[in-house]
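Asker: Have a peek at protein.txt (compact mmCIF, C-alpha atoms).
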# COMPACT_ATOMS: atom_id res chain seq x y z
CA MET A 140 73.29 -40.47 -28.44
CA SER A 141 74.61 -38.04 -25.87
CA ALA A 142 75.27 -34.38 -26.54
CA ALA A 143 79.03 -34.80 -26.24
CA SER A 144 79.28 -37.52 -28.86
CA LEU A 145 76.97 -35.52 -31.10
CA GLN A 146 79.40 -32.68 -31.09
CA GLU A 147 82.26 -34.98 -31.91
CA SER A 148 80.44 -36.65 -34.74
CA THR A 149 79.69 -33.35 -36.46
CA ALA A 150 82.96 -31.64 -35.59
CA GLY A 151 84.65 -32.74 -38.80
CA SER A 152 81.92 -31.47 -41.07
CA LEU A 153 81.58 -28.27 -39.07
CA GLU A 154 85.25 -27.58 -39.55
CA SER A 155 85.12 -28.02 -43.29
CA ILE A 156 82.09 -25.74 -43.41
CA GLU A 157 83.99 -23.11 -41.45
CA ASP A 158 86.85 -23.42 -43.95
CA LEU A 159 84.42 -23.03 -46.77
CA LEU A 160 82.87 -19.90 -45.33
CA GLU A 161 86.30 -18.46 -44.71
CA THR A 162 87.45 -18.92 -48.31
CA LEU A 163 84.16 -17.40 -49.36
CA GLU A 164 84.88 -14.40 -47.15
CA ALA A 165 88.35 -14.04 -48.66
CA GLU A 166 87.49 -14.56 -52.29
CA LEU A 167 84.16 -12.80 -52.54
CA ILE A 168 84.68 -9.14 -51.85
CA GLY A 169 81.77 -7.07 -50.58
CA LEU A 170 78.38 -8.78 -51.15
CA ALA A 171 77.48 -8.61 -47.46
CA PRO A 172 73.81 -9.61 -47.89
CA VAL A 173 74.82 -12.61 -49.99
CA LYS A 174 77.32 -13.85 -47.43
CA THR A 175 74.85 -13.36 -44.58
CA ARG A 176 72.28 -15.45 -46.42
CA ILE A 177 74.81 -18.19 -47.15
CA ARG A 178 75.76 -18.28 -43.47
CA GLU A 179 72.11 -18.52 -42.51
CA ILE A 180 71.54 -21.38 -44.91
CA ALA A 181 74.66 -23.16 -43.67
CA ALA A 182 73.49 -22.81 -40.08
CA LEU A 183 70.04 -24.10 -40.94
CA LEU A 184 71.40 -27.14 -42.72
CA GLN A 185 73.76 -27.96 -39.86
CA ILE A 186 70.98 -27.70 -37.30
CA ASP A 187 68.75 -29.81 -39.54
CA GLN A 188 71.42 -32.48 -39.55
CA LEU A 189 71.60 -32.44 -35.76
CA ARG A 190 67.82 -32.51 -35.46
CA ARG A 191 67.71 -35.53 -37.71
CA GLN A 192 70.14 -37.32 -35.41
CA HIS A 193 67.67 -36.63 -32.60
CA GLN A 194 64.82 -37.97 -34.75
CA LEU A 195 63.27 -34.51 -34.89
CA SER A 196 61.90 -34.74 -38.36
CA SER A 197 61.17 -31.70 -40.46
CA ALA A 198 60.75 -31.26 -44.18
CA ALA A 199 63.94 -30.46 -46.05
CA PRO A 200 64.06 -26.72 -46.64
CA THR A 201 63.58 -25.51 -50.20
CA LEU A 202 66.65 -23.71 -51.37
CA HIS A 203 65.50 -22.33 -54.69
CA MET A 204 66.90 -18.85 -55.02
CA SER A 205 66.66 -15.78 -57.12
CA PHE A 206 69.69 -13.56 -57.61
CA THR A 207 68.97 -10.02 -58.64
CA GLY A 208 71.43 -7.23 -59.18
CA ASN A 209 73.08 -4.99 -61.70
CA PRO A 210 75.47 -6.33 -64.32
CA GLY A 211 78.81 -7.55 -63.02
CA THR A 212 77.81 -7.89 -59.38
CA GLY A 213 78.87 -11.52 -59.17
CA LYS A 214 75.61 -13.42 -59.62
CA THR A 215 77.08 -16.13 -61.81
CA THR A 216 80.23 -16.38 -59.69
CA VAL A 217 78.18 -16.94 -56.56
CA ALA A 218 75.91 -19.46 -58.30
CA LEU A 219 78.99 -21.44 -59.29
CA ARG A 220 80.10 -21.46 -55.66
CA MET A 221 76.62 -22.30 -54.44
CA GLY A 222 76.75 -25.80 -55.89
CA GLU A 223 79.99 -26.55 -54.08
CA ILE A 224 78.71 -24.98 -50.85
CA LEU A 225 75.48 -26.93 -50.82
CA LYS A 226 77.35 -30.12 -51.60
CA ARG A 227 79.67 -29.60 -48.64
CA LEU A 228 76.66 -28.90 -46.48
CA GLY A 229 75.27 -32.25 -47.54
CA TYR A 230 72.23 -30.81 -49.28
CA LEU A 231 73.21 -31.67 -52.85
CA ARG A 232 74.74 -34.94 -53.97
CA SER A 233 77.02 -33.87 -56.81
CA GLY A 234 76.95 -30.05 -56.64
CA HIS A 235 77.61 -29.38 -60.32
CA LEU A 236 76.20 -26.31 -62.02
CA VAL A 237 74.14 -26.41 -65.20
CA ALA A 238 73.90 -22.87 -66.53
CA VAL A 239 71.14 -22.30 -69.08
CA THR A 240 69.38 -19.44 -70.77
CA ARG A 241 66.11 -19.27 -72.65
CA ASP A 242 67.58 -21.00 -75.71
CA ASP A 243 68.32 -24.17 -73.77
CA LEU A 244 64.86 -24.45 -72.25
CA VAL A 245 62.43 -23.28 -74.90
CA GLY A 246 61.86 -25.20 -78.10
CA GLN A 247 61.18 -23.98 -81.60
CA TYR A 248 57.89 -25.69 -82.37
CA ILE A 249 54.91 -27.17 -80.59
CA GLY A 250 55.87 -30.14 -78.44
CA HIS A 251 59.56 -29.35 -78.50
CA THR A 252 59.71 -27.34 -75.28
CA ALA A 253 58.66 -29.95 -72.74
CA PRO A 254 61.28 -32.61 -73.62
CA LYS A 255 63.95 -29.95 -73.91
CA THR A 256 63.21 -28.46 -70.51
CA ARG A 257 62.91 -31.91 -68.91
CA GLU A 258 66.26 -32.93 -70.32
CA VAL A 259 67.92 -29.86 -68.86
CA ILE A 260 66.27 -30.56 -65.50
CA ARG A 261 67.47 -34.17 -65.58
CA LYS A 262 71.00 -33.04 -66.29
CA ALA A 263 70.91 -30.60 -63.39
CA MET A 264 69.66 -33.14 -60.86
CA GLY A 265 71.93 -33.51 -57.89
CA GLY A 266 73.26 -30.03 -58.59
CA VAL A 267 72.25 -26.49 -59.35
CA LEU A 268 70.19 -25.34 -62.31
CA PHE A 269 71.17 -21.74 -63.01
CA VAL A 270 68.75 -19.90 -65.28
CA ASP A 271 70.43 -16.73 -66.38
CA GLU A 272 68.24 -13.80 -67.40
CA ALA A 273 65.18 -15.75 -66.43
CA TYR A 274 62.76 -13.00 -67.45
CA TYR A 275 63.29 -13.87 -71.11
CA LEU A 276 61.31 -17.04 -70.43
CA TYR A 277 58.15 -15.03 -70.12
CA LYS A 278 57.11 -12.87 -73.02
CA PRO A 279 53.74 -11.33 -72.22
CA GLU A 280 53.48 -9.63 -75.61
CA ASN A 281 53.23 -12.99 -77.37
CA GLU A 282 50.64 -15.28 -75.84
CA ARG A 283 51.68 -18.18 -78.05
CA ASP A 284 55.24 -18.06 -76.80
CA TYR A 285 56.50 -21.43 -75.56
CA GLY A 286 58.34 -19.86 -72.63
CA THR A 287 55.26 -20.21 -70.43
CA GLU A 288 55.24 -23.97 -70.97
CA SER A 289 58.86 -24.11 -69.90
CA ILE A 290 58.05 -22.13 -66.75
CA GLU A 291 55.28 -24.56 -65.87
CA ILE A 292 57.57 -27.57 -66.19
CA LEU A 293 60.24 -25.80 -64.19
CA LEU A 294 57.72 -25.07 -61.44
CA GLN A 295 56.63 -28.70 -61.40
CA ALA A 296 60.24 -29.87 -61.09
CA MET A 297 60.95 -27.34 -58.36
CA GLU A 298 58.06 -28.82 -56.40
CA ASN A 299 58.47 -32.56 -57.10
CA HIS A 300 62.25 -32.80 -57.11
CA ARG A 301 62.89 -30.49 -54.19
CA ASP A 302 65.52 -32.85 -52.78
CA ASP A 303 67.33 -33.39 -56.07
CA LEU A 304 67.58 -29.94 -57.50
CA VAL A 305 68.27 -26.33 -56.57
CA VAL A 306 67.03 -23.81 -59.09
CA ILE A 307 68.65 -20.38 -59.15
CA LEU A 308 67.06 -17.69 -61.28
CA ALA A 309 69.20 -14.68 -62.02
CA GLY A 310 68.73 -11.37 -63.72
CA TYR A 311 68.66 -7.63 -63.44
CA GLY A 312 66.59 -6.31 -60.55
CA ASP A 313 63.76 -4.41 -62.17
CA ARG A 314 63.10 -6.96 -64.90
CA MET A 315 63.13 -9.84 -62.42
CA ALA A 316 60.61 -7.98 -60.27
CA GLN A 317 58.37 -7.71 -63.30
CA PHE A 318 58.90 -11.39 -64.10
CA PHE A 319 57.84 -12.41 -60.60
CA ARG A 320 54.82 -10.13 -60.71
CA SER A 321 53.54 -11.92 -63.79
CA ASN A 322 54.46 -15.39 -62.43
CA PRO A 323 53.29 -15.44 -58.80
CA GLY A 324 53.70 -19.23 -58.67
CA MET A 325 57.40 -18.82 -59.33
CA ARG A 326 57.75 -16.14 -56.67
CA SER A 327 56.13 -18.24 -53.95
CA ARG A 328 58.25 -21.30 -54.72
CA ILE A 329 61.48 -19.41 -54.33
CA GLY A 330 62.42 -19.04 -50.70
CA HIS A 331 65.48 -16.90 -51.04
CA HIS A 332 65.44 -13.65 -52.90
CA ILE A 333 68.97 -12.36 -52.71
CA ASP A 334 69.81 -8.89 -53.95
CA PHE A 335 73.37 -8.23 -55.10
CA PRO A 336 74.37 -4.66 -54.25
CA ASP A 337 76.68 -2.57 -56.41
CA TYR A 338 80.30 -2.51 -55.32
CA SER A 339 81.87 0.53 -53.71
CA ALA A 340 85.11 1.98 -55.09
CA PRO A 341 87.41 0.39 -52.43
CA GLU A 342 85.70 -2.97 -53.03
CA LEU A 343 86.33 -2.66 -56.75
CA LEU A 344 89.99 -1.95 -56.10
CA ALA A 345 90.21 -5.03 -53.88
CA ILE A 346 88.52 -7.06 -56.63
CA ALA A 347 91.03 -5.74 -59.16
CA LYS A 348 93.94 -6.77 -56.94
CA LEU A 349 92.44 -10.22 -56.45
CA MET A 350 91.87 -10.67 -60.18
CA LEU A 351 95.45 -9.64 -60.91
CA ALA A 352 96.84 -11.92 -58.22
CA GLN A 353 94.96 -14.86 -59.74
CA GLN A 354 96.73 -14.16 -63.05
CA ASN A 355 100.11 -13.56 -61.42
CA TYR A 356 100.14 -9.83 -61.93
CA ARG A 357 100.30 -7.02 -59.43
CA LEU A 358 99.99 -3.26 -59.28
CA ASP A 359 102.89 -1.21 -57.96
CA ARG A 360 102.06 1.63 -55.58
CA ALA A 361 101.73 4.33 -58.24
CA GLY A 362 99.73 1.90 -60.34
CA GLU A 363 97.35 1.31 -57.49
CA GLU A 364 96.77 5.03 -57.05
CA ALA A 365 96.20 5.40 -60.76
CA PHE A 366 93.75 2.54 -60.76
CA ALA A 367 91.82 4.00 -57.81
CA GLU A 368 91.47 7.20 -59.85
CA TYR A 369 90.47 5.15 -62.87
CA ILE A 370 87.73 3.42 -60.90
CA ALA A 371 86.35 6.75 -59.69
CA LEU A 372 86.21 7.96 -63.31
CA ARG A 373 84.80 4.74 -64.67
CA MET A 374 82.01 4.60 -62.13
CA LYS A 375 80.66 7.89 -63.43
CA GLN A 376 80.54 6.58 -66.99
CA GLU A 377 77.49 5.10 -68.64
CA HIS A 378 77.15 1.33 -68.87
CA PHE A 379 79.30 0.76 -65.84
CA ALA A 380 79.15 -2.99 -65.18
CA ASN A 381 80.86 -3.28 -61.80
CA ALA A 382 83.40 -6.10 -61.65
CA ARG A 383 83.00 -6.85 -65.35
CA SER A 384 84.17 -3.34 -66.26
CA ILE A 385 87.10 -3.80 -63.92
CA ARG A 386 88.05 -7.07 -65.58
CA ASN A 387 87.93 -5.45 -69.00
CA ALA A 388 90.00 -2.51 -67.79
CA LEU A 389 92.61 -4.88 -66.43
CA ASP A 390 92.73 -6.78 -69.70
CA ARG A 391 93.43 -3.52 -71.50
CA ALA A 392 96.06 -2.58 -68.93
CA ARG A 393 97.75 -5.91 -69.60
CA LEU A 394 97.81 -5.07 -73.30
CA ARG A 395 99.46 -1.75 -72.59
CA GLN A 396 101.92 -3.35 -70.19
CA ALA A 397 102.87 -5.88 -72.86
CA SER A 398 103.45 -3.24 -75.53
CA ARG A 399 105.44 -1.11 -73.07
CA LEU A 400 107.69 -4.09 -72.33
CA VAL A 401 108.06 -4.96 -75.99
CA ALA A 402 109.04 -1.35 -76.70
CA LEU A 403 111.87 -1.68 -74.20
CA ARG A 404 113.54 -3.93 -76.77
CA GLY A 405 116.85 -5.41 -75.73
CA ALA A 406 116.51 -4.80 -72.01
CA THR A 407 116.43 -8.03 -70.04
CA LEU A 408 113.05 -8.28 -68.42
CA THR A 409 113.06 -9.43 -64.81
CA ARG A 410 110.35 -11.58 -63.32
CA GLU A 411 109.39 -8.47 -61.37
CA ALA A 412 108.95 -6.40 -64.52
CA LEU A 413 106.85 -9.07 -66.17
CA MET A 414 104.51 -9.17 -63.19
CA THR A 415 104.11 -5.49 -62.47
CA ILE A 416 101.50 -3.23 -63.96
CA GLU A 417 102.63 0.36 -63.59
CA ALA A 418 100.80 3.65 -63.42
CA ALA A 419 101.64 4.35 -67.07
CA ASP A 420 99.79 1.22 -68.18
CA ILE A 421 96.66 2.45 -66.48
CA ARG A 422 96.94 6.13 -67.29
CA GLY A 423 97.08 5.18 -70.97
CA SER A 424 93.34 4.64 -70.77
CA ARG A 425 90.98 6.68 -72.90
CA LEU A 426 89.23 7.86 -69.75
CA PHE A 427 92.25 9.81 -68.56
CA ARG A 428 92.77 11.38 -71.94
CA THR A 429 89.32 12.93 -72.23
CA GLU A 430 89.57 13.97 -68.61
CA SER A 431 92.88 15.79 -69.15
CA ARG A 432 91.56 17.54 -72.25
CA GLU A 433 88.55 18.91 -70.43
CA SER A 434 89.18 19.58 -66.80
CA ARG A 435 92.47 18.24 -65.56
CA PRO A 436 94.97 20.89 -64.44
CA GLU A 437 98.13 21.24 -66.49
CA GLY A 438 101.12 19.23 -65.48
CA ALA A 439 99.05 16.15 -64.88
CA ASP A 440 99.90 14.66 -68.24
CA GLN A 441 100.56 10.97 -69.02
CA MET B 164 58.95 -74.12 -61.35
CA THR B 165 56.92 -72.92 -58.43
CA SER B 166 53.76 -70.86 -58.78
CA THR B 167 55.72 -67.62 -58.36
CA HIS B 168 57.18 -67.96 -61.81
CA ARG B 169 59.66 -65.27 -62.87
CA ILE B 170 61.45 -64.54 -66.10
CA THR B 171 65.19 -64.51 -65.55
CA GLN B 172 67.32 -62.38 -67.82
CA GLY B 173 69.90 -59.69 -67.27
CA GLN B 174 71.38 -58.96 -63.90
CA PHE B 175 69.75 -59.61 -60.54
CA SER B 176 66.83 -61.49 -62.03
CA PHE B 177 67.12 -64.37 -59.55
CA LEU B 178 66.84 -61.87 -56.69
CA PRO B 179 63.66 -60.31 -55.37
CA ASP B 180 62.66 -57.09 -57.15
CA LEU B 181 65.12 -54.27 -56.54
CA THR B 182 63.93 -51.38 -54.42
CA ASP B 183 64.19 -47.85 -55.71
CA ALA B 184 67.19 -47.28 -53.45
CA GLN B 185 68.93 -50.34 -54.90
CA ILE B 186 68.14 -49.28 -58.46
CA THR B 187 69.53 -45.82 -57.67
CA ALA B 188 72.73 -47.36 -56.36
CA GLN B 189 73.16 -49.43 -59.54
CA ILE B 190 72.55 -46.40 -61.74
CA ARG B 191 74.98 -44.36 -59.70
CA TYR B 192 77.62 -46.97 -60.43
CA ALA B 193 76.84 -46.91 -64.15
CA LEU B 194 77.03 -43.11 -64.27
CA ALA B 195 80.31 -43.15 -62.39
CA GLN B 196 81.70 -45.44 -65.11
CA GLY B 197 80.58 -42.96 -67.76
CA TRP B 198 77.96 -45.22 -69.31
CA ALA B 199 74.78 -43.92 -70.91
CA VAL B 200 71.69 -45.28 -69.22
CA ASN B 201 68.48 -46.13 -71.10
CA VAL B 202 65.04 -47.24 -70.07
CA GLU B 203 63.41 -49.89 -72.27
CA TYR B 204 60.11 -51.78 -72.17
CA THR B 205 58.47 -54.71 -73.92
CA ASP B 206 55.45 -56.99 -73.66
CA ASP B 207 57.37 -59.85 -75.27
CA PRO B 208 60.02 -61.19 -72.91
CA HIS B 209 61.03 -64.08 -75.20
CA PRO B 210 64.74 -64.68 -74.68
CA ARG B 211 65.40 -64.12 -78.39
CA ASN B 212 63.71 -60.70 -78.30
CA THR B 213 66.83 -58.61 -77.79
CA TYR B 214 65.61 -55.25 -78.97
CA TRP B 215 63.09 -53.75 -76.60
CA GLU B 216 61.28 -50.47 -77.17
CA MET B 217 63.14 -47.49 -75.85
CA TYR B 218 61.27 -45.24 -73.45
CA GLY B 219 62.13 -41.72 -74.49
CA LEU B 220 65.64 -40.92 -75.58
CA PRO B 221 68.87 -42.31 -74.18
CA LEU B 222 69.74 -40.34 -71.05
CA PHE B 223 73.13 -38.91 -71.95
CA ASP B 224 75.23 -36.53 -69.86
CA LEU B 225 73.54 -37.05 -66.52
CA ARG B 226 75.37 -36.62 -63.26
CA ASP B 227 72.80 -37.85 -60.82
CA PRO B 228 70.60 -40.98 -60.75
CA ALA B 229 67.51 -39.07 -59.60
CA GLY B 230 66.68 -38.03 -63.16
CA ILE B 231 66.82 -41.61 -64.39
CA LEU B 232 64.75 -42.93 -61.51
CA ALA B 233 62.09 -40.36 -62.37
CA GLU B 234 62.17 -41.66 -65.95
CA ILE B 235 61.89 -45.28 -64.78
CA ASN B 236 58.89 -44.41 -62.64
CA ALA B 237 57.26 -42.59 -65.53
CA CYS B 238 57.78 -45.69 -67.69
CA ARG B 239 56.39 -48.00 -65.00
CA GLN B 240 53.33 -45.81 -64.71
CA THR B 241 52.76 -45.80 -68.46
CA PHE B 242 53.36 -49.56 -68.85
CA PRO B 243 52.49 -51.23 -65.53
CA GLU B 244 51.90 -54.61 -67.21
CA HIS B 245 55.06 -54.57 -69.35
CA TYR B 246 58.60 -55.59 -68.64
CA VAL B 247 60.82 -52.58 -68.05
CA ARG B 248 64.58 -52.84 -67.98
CA VAL B 249 67.44 -50.44 -67.46
CA THR B 250 70.53 -50.79 -69.63
CA ALA B 251 73.82 -48.98 -69.36
CA PHE B 252 75.70 -48.57 -72.62
CA ASP B 253 79.47 -48.26 -72.71
CA ALA B 254 80.64 -46.27 -75.72
CA THR B 255 84.35 -46.93 -75.10
CA ARG B 256 86.11 -48.21 -78.22
CA GLY B 257 86.47 -51.95 -77.96
CA TRP B 258 83.36 -52.29 -75.79
CA GLU B 259 80.57 -50.39 -77.55
CA THR B 260 77.96 -52.54 -75.93
CA PRO B 261 75.55 -52.59 -72.99
CA ARG B 262 77.52 -53.26 -69.83
CA MET B 263 74.57 -53.54 -67.50
CA SER B 264 70.99 -54.62 -67.99
CA PHE B 265 68.40 -55.41 -65.36
CA ILE B 266 64.66 -55.68 -65.11
CA VAL B 267 62.91 -53.11 -62.95
CA ASN B 268 59.27 -53.87 -63.67
CA ARG B 269 57.33 -57.08 -64.33
CA PRO B 270 53.69 -57.79 -65.10
CA LYS B 271 51.65 -59.43 -62.35
CA GLU B 272 51.16 -62.58 -64.41
CA GLU B 273 54.36 -63.54 -66.11
CA PRO B 274 54.30 -65.75 -69.19
CA ARG B 275 55.81 -69.21 -69.01
CA PHE B 276 57.98 -70.72 -71.68
CA ALA B 277 58.20 -74.33 -72.67
CA LEU B 278 60.87 -76.07 -74.68
CA VAL B 279 59.53 -77.73 -77.81
CA ARG B 280 61.69 -80.48 -79.29
CA GLN B 281 61.53 -81.34 -82.95
CA GLU B 282 63.19 -84.44 -84.32
CA ALA B 283 64.92 -83.80 -87.63
CA GLN B 284 66.93 -86.00 -89.93
CA GLY B 285 69.19 -88.48 -88.25
CA ARG B 286 69.42 -87.92 -84.51
CA VAL B 287 69.30 -84.11 -84.85
CA LEU B 288 67.06 -82.34 -82.36
CA ARG B 289 65.78 -78.81 -82.96
CA TYR B 290 64.66 -76.73 -79.99
CA THR B 291 62.12 -73.90 -79.83
CA THR B 292 61.20 -71.83 -76.81
CA ARG B 293 57.46 -71.32 -77.00
CA GLU B 294 55.18 -69.35 -74.76
CA ARG B 295 52.91 -71.64 -72.76
CA SER B 296 49.60 -70.56 -71.31
As a first step, turn the structure in this file into structure tokens.
Answerer:
Amino acid sequence: MSAASLQESTAGSLESIEDLLETLEAELIGLAPVKTRIREIAALLQIDQLRRQHQLSSAAPTLHMSFTGNPGTGKTTVALRMGEILKRLGYLRSGHLVAVTRDDLVGQYIGHTAPKTREVIRKAMGGVLFVDEAYYLYKPENERDYGTESIEILLQAMENHRDDLVVILAGYGDRMAQFFRSNPGMRSRIGHHIDFPDYSAPELLAIAKLMLAQQNYRLDRAGEEAFAEYIALRMKQEHFANARSIRNALDRARLRQASRLVALRGATLTREALMTIEAADIRGSRLFRTESRESRPEGADQ
Amino acid sequence: MTSTHRITQGQFSFLPDLTDAQITAQIRYALAQGWAVNVEYTDDPHPRNTYWEMYGLPLFDLRDPAGILAEINACRQTFPEHYVRVTAFDATRGWETPRMSFIVNRPKEEPRFALVRQEAQGRVLRYTTRERS
């Protein structure tokens, strides 16, 4: 096969991969290291495909991954996408995601764990097995814990069914590091350790706008300013969970918007009014109230 | 019958043994139809022996044939001298029955069956299929 025809034959798939990466760029805000790694994997798989057409054989790459990062940094969201991405790249056959936690893998009595874990692995074949909070599988304080058995079976499947299955382990950074330290076999079988960074304030605002747009809401200009202030305040709070906190804040803003509209009683509500979240809906938050009581200058009420 | 005697029952049994790729293709079809696939084995291939032993549990809710093929291979390894078949069960109301069934493993020496005729009252003939050594 000549080089020219090669290019033609892969042009279609290349295009769809470009599309895919572009939607990823648009819909996943921030997460630069994650996107870089996805691009690298996409490139590798494309080149592998071309090499195969030239009869340059090489073993299929292992794509088991570990996602580490703070709460709300998009680990599950990316894992969901990963199945679809790897399917488009021709690495997975069906690209579905089976999300499990310790409960789904570990049994309650002797001999229960192995069949349970194997069943989950069978269900995930052809797609992605996403083990959330994977460190719960290993409990060093209890040596009779069945989690270890589950890890062993998982390792075996990751080795023997490399072509059928992509395993993604996810969890918070420090605890995952500890998990890998106590399970070196797991560490060495995972080729891609991807760290999800925290979002910056402008990224969080962009995420908020995207979330609202997906639910047919939008912020007006004053609302946007208010929300930017809200984000700055919220980030200083304890238990800040990145995008998850933003989603919760938006849900509360929607509540306030709804009660504001209901209070208008009688006024005909335009489509515009139903869609818009105003500054008042956001400044109703508890955060602003404590702030104003303590340090905000007078006049900045609401 | 020639010396390469083969039991024929279920689908594809007049064909040469299916390869793993062919089995995978069949299973993929069954899964696409939403049927539950099972692996069964027996050492008694008598045509009247309908209920074979089930290997493990029925494989519900699978999306990909790879998991079932792994199960088939495990069964073949455990019972190399047994018959192993794959059935696909359709739970749709009105069907509720196996829609596919084919043999994926045979012993090296397959049993032969002979037809035994018994004359009964009048001109009635009774037939029995009996294993023949």
Asker: Residues of chain A within 12 Å of chain B, counting all atoms listed in the file - could you list those as number ranges by chain?
Answerer: A: 231-237, 254-255, 257-267, 296, 299-304
Asker: Ranking B:Glu294, B:Leu178, B:Asn212, B:Val200 by minimum distance to B:Phe276 and counting all atoms listed in the file, which one comes first?
Answerer: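 The shortest atom-to-atom distance to B:Phe276 comes from B:Glu294.
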Asker: Atom CA of A:Pro341 to atom CA of A:Arg178: how many Å, to one decimal?
Answerer: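 So the two atoms, atom CA of A:Pro341 and atom CA of A:Arg178, lie 23.8 Å apart.
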Asker: Quick one: residues within 12 Å of B:Ser176, only C-alpha atoms counted, chain neighbours fewer than 6 positions away excluded, as a ChimeraX atom specification?
Answerer: /B:168-170,248,264-269
Asker: Between atom CA of A:Tyr338 and atom CA of A:Ile177, measure the distance and give it in Å to one decimal.
Answerer: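 Spanning atom CA of A:Tyr338 to atom CA of A:Ile177 is a straight-line distance of 18.5 Å.
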Asker: Using Å and a single decimal, report how far atom CA of A:Leu372 sits from atom CA of A:Ala388.
Answerer: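 Distance between the two atoms: 12.0 Å.
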Asker: Find the residue from A:Leu202, A:Leu195, A:Val305, A:Ile421 that sits nearest to A:His332; use all atoms listed in the file when measuring.
Answerer: A:Leu202
Asker: Ranking A:Met414, A:Gly211, A:Tyr356, A:Ala345 by minimum distance to A:Ser384 and counting only C-alpha atoms, which one comes first?
Answerer: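 Checking each candidate against A:Ser384, we get A:Gly211 as the closest.
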Asker: Which neighbours of A:Arg176 fall inside 12 Å, counting all atoms listed in the file, when residues of the same chain fewer than 3 positions from it are skipped, and could you give them as a PyMOL selection string?
Answerer: chain A and resi 160+170-173+179-183+202+204+206+217+221+330-335
Asker: Would you be able to write out as a PyMOL selection string which residues have an atom within 12 Å of (60.1, -80.5, -75.5) in the file's coordinates, counting all atoms listed in the file?
Answerer: chain B and resi 276-282+288-293+295
Asker: Within 6 Å of (63.7, -44.6, -71.5) (file coordinates; all atoms listed in the file), which protein or nucleic acid residues are there? I'd like them as a PDB file with C-alpha atoms, in the frame of the given file.
Answerer:
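Below is the file point_21.pdb, written as the result:
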ATOM      1  CA  ASN B 201      68.480 -46.130 -71.100  1.00  0.00           C
ATOM      2  CA  VAL B 202      65.040 -47.240 -70.070  1.00  0.00           C
ATOM      3  CA  GLU B 203      63.410 -49.890 -72.270  1.00  0.00           C
ATOM      4  CA  MET B 217      63.140 -47.490 -75.850  1.00  0.00           C
ATOM      5  CA  TYR B 218      61.270 -45.240 -73.450  1.00  0.00           C
ATOM      6  CA  GLY B 219      62.130 -41.720 -74.490  1.00  0.00           C
ATOM      7  CA  LEU B 220      65.640 -40.920 -75.580  1.00  0.00           C
TER       8      LEU B 220
END
Asker: Considering only C-alpha atoms, state which residue in the set A:Met315, A:Val245, A:Ala199, A:Ile168 is at the smallest distance from A:Gly229.
Answerer: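 For A:Gly229, the nearest of the given residues is A:Ala199.
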Asker: May I ask which of the residues B:Ala254, B:Met263, B:Ile186, B:Ala283 is the closest one to B:Ile235, counting all atoms listed in the file?
Answerer: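 Counting all atoms listed in the file, the residue closest to B:Ile235 is B:Ile186.
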Asker: Between A:Ala361, A:Met350, A:Ala273, A:Leu344, which is the closest to A:Phe318 once you count all atoms listed in the file?
Answerer: A:Ala273
Asker: Just want the 8 Å neighbourhood of stretch 400-403 of chain A, counted on all atoms listed in the file, with same-chain residues fewer than 4 positions away dropped. Output as a PDB file with C-alpha atoms, keeping the file's coordinate frame.
Answerer:
ATOM      1  CA  GLN A 396     101.920  -3.350 -70.190  1.00  0.00           C
ATOM      2  CA  LEU A 408     113.050  -8.280 -68.420  1.00  0.00           C
ATOM      3  CA  LEU A 413     106.850  -9.070 -66.170  1.00  0.00           C
TER       4      LEU A 413
END
Asker: Using the file's own x, y and z axes, so that the box edges lie along x, y and z, what centre and edge lengths in Å (one decimal) does a box around every listed atom of stretch 234-242 of chain B get when 8 Å is added on each side? Give it as lines of an AutoDock Vina configuration file.
Answerer:
center_x = 57.5
center_y = -45.6
center_z = -65.7
size_x = 25.4
size_y = 23.9
size_z = 22.2
